[in-house]
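Just below is one structure, and these are the notes that go with it.
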Amino acid sequence: MAAFDSSRLNGWQQLAIKYFFVAIVLFGAQVLFGMLAGLQYVKPDLLQQAVPFSITRIVHINAMVVWLLYGFLGSVYWLLEDESGVPVVGLKLGNLAFYLLTAAVVVVVVVYLFIQIGPGNDLTRWLITEGREYIEAPRWADIGIVVCALIFYYNVAATFMKGRFSGISGVLTLDLIALAGLYLAGMFYQVNISHDQYWWWWVIHLWVEATWEVLVGCILAWGLMTILGTRREIVTTWLYVEVVLMLGSGILGLGHHYFWIGMPDYWLKIGGFFSALEPIPLVAMVVHSVYDSGEHRLRNINHPAFAWFIAHTMGNFFGAGVWGFMQTLPQINLYTHGTQWTASHGHVAFWGAYVTIVVPMVYLALQKGRGNVWMGSGLVGAWRWKWALTLQALGTVGMAMCLLIAGYVQSFTERAVGGSTWEAYFHAQTQPWFTQAMHWRMVFGVIFSLGFLLLAWDLVAIGVGERRPAEALPPREEAAAAA
Ligand code: HEM
Ligand code: HEM
Ligand SMILES: [Fe+2]
């Protein structure tokens with residue numbers, strides 16, 4: 001009855017669905033390669049000839065960065081027309097960019113899998129890998145990514161120029177300049193490793209702790225208006241507050257990555273102080289969402305999306321705010337730097353802040369594509385989305401706890417007692433608490449994987465066969481004003 005029918009969607013919404021589809025496929029690849037990398041910790045000779053740890057790890061984290069970016073692009077395309085009030089400008093170019101980008105991603109991954117070792121010179125930097133963690137893509141692909149980002153930017157900026165220009169769209173268009181611009185900082189090869197790391201962190205830290213956070217703030221603002229009917233002034237005011245706090249603390253917070261890479265030691269003070277302030281906007285976000293849901297008595301048009309948005313505010317606060325804060329003061333970071341403690345934070349933060357913002361946007365898109373059907377209480381098969389979310393949350397928290405224990409052993413045995421020697425580094429990794437934590441991580445990895453499979457199934461099945469229309473919210477103030 002309500003199978004997915006793309007004729008219900010305009011060209012932009014169809015493009016968003018394409019981005020979402022590739023995003024979820026790559027999410028699957030991320031989980032698969034994460035499981036492989038985790039198994040290699042437990043059984044180090046596993047598949048070392050076919051796909052060594054260096055490759056499983058690259059594919060795991062690159063798939064993550066790329067699928068989240070696809071999810072963000074899809075989300076922005078999805079909300080663009082609704083937010084601007086006019087048809088989006090430049091559909092053909094937008095579609096072209098999607099196919100170019102997807103072809104580039106496939107080629108880059110296939111090359112990673114087949115060319116695993118070799119020299120590092122100009123040729124390999126251009127064609128195979130630039131070797132910078134998270135953004136290993138070779139130079140040709142970098143240039144392709146920049147071209148696609150420019151096309152995306154044109155679509156967004158031109159549409160908002162033509163249509164309504166709101167607080168959300170203003171923040172979004174400015175933020176996208178920073179998001180695309182910072183990518184350039186990671187494209188230049190520096191002979192001096194300190195210089196190289198200096199610029200690399202501009203992409204990595206300033207992306208995830210500044211521009212991505214602002215971007216998800218915009219998406220969340222639109223999402224809350226759409227599913228809860230929150231008033232525009234409320235979400236926009238909070239968005240401004242969060243942006244000011246986020247940039248105020250996050251830009252100089254960059255210094256928490258400059259502690260030990262050969263930068264001047266004033267970064268210890270600057271980085272420690274400003275990054276310690278970074279959790280404040282994340283607390284503001286929790287207050288914001290609790291306030292909104294209270295005001296609306298949790299009445300909303302899409303239960304799975306709403307539940308994932310709640311998971312986002314909690315996940316962002318704990319994963320980025322609390323887990324990040326734990327190791328951000330130089331006095332502590334001296335011991336925890338680069339241990340499994342870091343990986344623990346990386347997992348909760350990325351899942352908690354970003355996976356949880358893309359998934360609800362996919363649910364909103366599917367609701368429309370399946371004929372604007374009911375996704376409230378009494379939905380057939382609602383157990384699937386509930387368990388998908390529960391298992392993923394449990395898997396993430398469980399993995400993070402295991403990694404935290406392993407990181408604690410490393411900080412203590414390798415750093416505090418062993419004095420950071422080469423020997424102590426390996427000794428720490430033979431401690432029973434460390435090795436057992438690595439096994440338990442796999443148990444929670446399986447739980448997470450089940451959560452992923454259930455999510456994939458639910459995205460295919462939710463709302464199919466549903467005949468009730470979606471619950472209607474009171475019209476938005478701008479619609480009411482125009483009437
Ligand atoms: C959503 C936001 C965030 C995400 C996705 C995130 C993710 C990550 C990841 C993946 C790393 C590891 C980088 C590497 O490979 O070396 C990292 C490192 C770090 N993060 Fe975050 N982070 C976020 C926010 C924060 C916040 C708000 C703080 C502080 C309050 C923070 C503090 C740190 C510190 C101190 C490190 C360095 C750890 C080390 O020395 O090894 N992060 N983060
Ligand atoms: C399904 C279960 C998963 C397993 C078994 C797993 C396993 C792993 C392993 C073994 C590494 C390499 C750690 C190292 O270099 O020591 C890693 C890195 C990483 N994974 Fe996962 N992962 C899983 C899911 C996820 C998910 C869902 C996310 C986020 C959405 C994620 C984000 C990351 C990040 C950001 C890193 C880099 C951390 C750092 O450099 O500190 N992983 N993962
Ligand atoms: Fe950072």
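Within each chain, counting starts at residue 1; across the structure tokens, chains are named A, B, ... in the order shown, with ligands numbered 1 upward in that order.
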**Q.** Close residues to ligand 2 using only C-alpha atoms and all ligand atoms, limit 8 Å, as a PyMOL selection string
**A.** chain A and resi 27+30-41+57+60-61+64+133+338-352+354-355+392+395-396+399+441-442+444-449
What does the file look like for those residues with C-alpha atoms, as a short mmCIF file (atom, residue, chain, number, x, y, z; two decimals), in the first residue's frame?
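again.cif written:
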```cif
data_model
loop_
_atom_site.label_atom_id
_atom_site.label_comp_id
_atom_site.auth_asym_id
_atom_site.auth_seq_id
_atom_site.Cartn_x
_atom_site.Cartn_y
_atom_site.Cartn_z
CA PHE A 27 27.45 2.61 7.48
CA GLN A 30 31.96 0.81 8.55
CA VAL A 31 30.46 -1.72 10.95
CA LEU A 32 31.86 -4.68 9.00
CA PHE A 33 35.40 -3.30 8.89
CA GLY A 34 35.15 -2.16 12.54
CA MET A 35 34.35 -5.74 13.51
CA LEU A 36 37.30 -6.99 11.47
CA ALA A 37 39.67 -4.45 13.04
CA GLY A 38 38.38 -5.38 16.50
CA LEU A 39 38.86 -9.10 15.79
CA GLN A 40 42.43 -8.41 14.74
CA TYR A 41 43.08 -7.03 18.24
CA ARG A 57 41.17 0.59 10.23
CA HIS A 60 36.43 1.64 9.06
CA ILE A 61 37.08 5.30 9.81
CA MET A 64 32.43 6.68 8.77
CA GLU A 133 44.25 9.67 9.39
CA GLY A 338 46.53 8.22 22.14
CA THR A 339 45.42 5.29 24.33
CA GLN A 340 42.20 3.30 24.02
CA TRP A 341 40.78 6.07 26.19
CA THR A 342 40.88 8.25 23.07
CA ALA A 343 39.18 5.54 21.01
CA SER A 344 36.51 5.24 23.72
CA HIS A 345 35.72 8.95 23.37
CA GLY A 346 35.87 8.73 19.55
CA HIS A 347 33.23 5.98 19.47
CA VAL A 348 30.69 7.57 21.83
CA ALA A 349 31.18 11.02 20.33
CA PHE A 350 30.76 10.03 16.69
CA TRP A 351 27.81 7.76 17.34
CA GLY A 352 26.25 10.05 19.92
CA TYR A 354 26.39 12.41 14.37
CA VAL A 355 24.92 8.98 13.65
CA GLN A 392 23.10 0.48 18.99
CA GLY A 395 26.63 -1.56 21.86
CA THR A 396 28.22 1.90 21.80
CA MET A 399 32.31 -0.76 23.63
CA ARG A 441 34.51 -5.04 23.07
CA MET A 442 33.69 -7.70 20.49
CA PHE A 444 29.30 -5.29 22.38
CA GLY A 445 30.39 -5.01 18.74
CA VAL A 446 28.07 -7.92 17.93
CA ILE A 447 25.26 -6.19 19.82
CA PHE A 448 25.93 -3.02 17.83
CA SER A 449 25.99 -4.96 14.55
#
```
(Q) Let me see if you get this right: every residue at most 9 Å from ligand 3, counting only C-alpha atoms and all ligand atoms, written as a PyMOL selection string. (A) chain A and resi 201+204-206+208-209+250+253-257+275+324+328
Kindly export the residues of the current selection with N, CA and C atoms, as a JSON list (two decimals), in the first residue's frame.
```json
[["chain", "number", "residue", "atom", "x", "y", "z"],
["A", 201, "TRP", "N", 44.99, 19.00, 12.03],
["A", 201, "TRP", "CA", 44.00, 19.18, 13.09],
["A", 201, "TRP", "C", 42.99, 20.27, 12.75],
["A", 204, "ILE", "N", 40.43, 18.09, 11.23],
["A", 204, "ILE", "CA", 39.81, 17.10, 12.10],
["A", 204, "ILE", "C", 39.10, 17.76, 13.29],
["A", 205, "HIS", "N", 39.81, 18.52, 14.08],
["A", 205, "HIS", "CA", 39.16, 19.11, 15.25],
["A", 205, "HIS", "C", 38.12, 20.17, 14.84],
["A", 206, "LEU", "N", 38.52, 21.09, 13.94],
["A", 206, "LEU", "CA", 37.58, 22.17, 13.64],
["A", 206, "LEU", "C", 36.34, 21.66, 12.89],
["A", 208, "VAL", "N", 34.89, 18.41, 13.46],
["A", 208, "VAL", "CA", 33.95, 17.73, 14.36],
["A", 208, "VAL", "C", 33.54, 18.58, 15.56],
["A", 209, "GLU", "N", 34.38, 19.51, 15.99],
["A", 209, "GLU", "CA", 34.00, 20.26, 17.18],
["A", 209, "GLU", "C", 33.49, 21.66, 16.87],
["A", 250, "GLY", "N", 35.23, 26.23, 20.87],
["A", 250, "GLY", "CA", 35.78, 25.18, 19.99],
["A", 250, "GLY", "C", 36.95, 25.61, 19.14],
["A", 253, "GLY", "N", 39.83, 25.77, 21.38],
["A", 253, "GLY", "CA", 39.89, 24.43, 21.97],
["A", 253, "GLY", "C", 40.77, 23.51, 21.13],
["A", 254, "LEU", "N", 40.95, 23.86, 19.88],
["A", 254, "LEU", "CA", 41.86, 23.17, 18.97],
["A", 254, "LEU", "C", 43.20, 22.87, 19.65],
["A", 255, "GLY", "N", 43.58, 23.78, 20.58],
["A", 255, "GLY", "CA", 44.85, 23.64, 21.27],
["A", 255, "GLY", "C", 45.02, 22.31, 22.02],
["A", 256, "HIS", "N", 43.87, 21.60, 22.34],
["A", 256, "HIS", "CA", 44.07, 20.35, 23.08],
["A", 256, "HIS", "C", 44.72, 19.26, 22.21],
["A", 257, "HIS", "N", 44.88, 19.54, 20.92],
["A", 257, "HIS", "CA", 45.64, 18.60, 20.08],
["A", 257, "HIS", "C", 47.06, 19.08, 19.83],
["A", 275, "SER", "N", 39.18, 24.28, 25.63],
["A", 275, "SER", "CA", 38.50, 23.01, 25.36],
["A", 275, "SER", "C", 37.70, 22.57, 26.58],
["A", 324, "GLY", "N", 34.96, 13.75, 26.26],
["A", 324, "GLY", "CA", 36.02, 14.62, 25.76],
["A", 324, "GLY", "C", 36.68, 15.36, 26.91],
["A", 328, "THR", "N", 40.81, 16.23, 28.49],
["A", 328, "THR", "CA", 41.19, 17.43, 27.77],
["A", 328, "THR", "C", 42.18, 18.32, 28.52]]
```
Q | Test item: residues at most 12 Å from range 464-473 of chain A, only C-alpha atoms, excluding those fewer than 6 positions along its chain, as a PyMOL selection string | A | chain A and resi 1-5+224-231+296+299-303+364+366-382+457-458
**Q.** Neighbour list for Phe20 in chain A as JSON, numbers by chain, cut-off 7 Å, only C-alpha atoms, skip fewer than 5 positions in-chain
**A.** {"A": [70, 71, 74, 362]}
Residue selection dump (N, CA and C atoms) as a PDB file, in the first residue's frame:
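Wrote it out as out-v4.pdb, contents follow:
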```
ATOM      1  N   TYR A  70      27.718  12.145   3.669  1.00  0.00           N
ATOM      2  CA  TYR A  70      26.573  11.862   2.781  1.00  0.00           C
ATOM      3  C   TYR A  70      25.256  12.118   3.516  1.00  0.00           C
ATOM      4  N   GLY A  71      25.219  11.683   4.768  1.00  0.00           N
ATOM      5  CA  GLY A  71      24.006  11.889   5.560  1.00  0.00           C
ATOM      6  C   GLY A  71      23.700  13.369   5.746  1.00  0.00           C
ATOM      7  N   GLY A  74      22.497  14.811   2.362  1.00  0.00           N
ATOM      8  CA  GLY A  74      21.113  14.379   2.169  1.00  0.00           C
ATOM      9  C   GLY A  74      20.174  15.197   3.039  1.00  0.00           C
ATOM     10  N   VAL A 362      16.690  10.388   7.998  1.00  0.00           N
ATOM     11  CA  VAL A 362      16.291   9.343   7.054  1.00  0.00           C
ATOM     12  C   VAL A 362      14.856   8.907   7.361  1.00  0.00           C
TER      13      VAL A 362
END
```
Q: Please identify which residues in range 206-284 of chain A DSSP calls alpha helix (DSSP H) from the backbone, and express them as a PyMOL selection string.
A: chain A and resi 206+212-228+232-253+266-277+279-284
**Q.** Residue contacts of Gln431 in chain A (12 Å, only C-alpha atoms) excluding same-chain residues fewer than 2 positions away, as a list in words
**A.**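 Selected residues are Ile405, Ala406, Gly407, Tyr408, Val409, Gln410, Phe412, Thr413, Glu414, Ala424, Tyr425, Phe426, His427, Ala428, Gln429, Trp433, Phe434, Thr435, Gln436, Ala437 and Met438 of chain A.
For the pair CA of Val287 in chain A and CA of Gly217 in chain A, the interatomic distance is 13.5 Å.
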Q) When distances are computed from only C-alpha atoms, which of A:Tyr77, A:Trp383, A:Tyr99, A:Phe318 shows the smallest separation from Asn10 in chain A? A) A:Tyr77
Q | Å distance separating atom 17 (C, counted along the ligand's line) of ligand 1 from CA of Met401 in chain A, one decimal place | A |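 Value for the atom 17 (C, counted along the ligand's line) of ligand 1-CA of Met401 in chain A distance: 16.0 Å.
In this comparison, which uses only C-alpha atoms and all ligand atoms, the residue of A:Val203, A:Leu389, A:Ala103, A:Ala185 approaching ligand 1 most closely is A:Val203.
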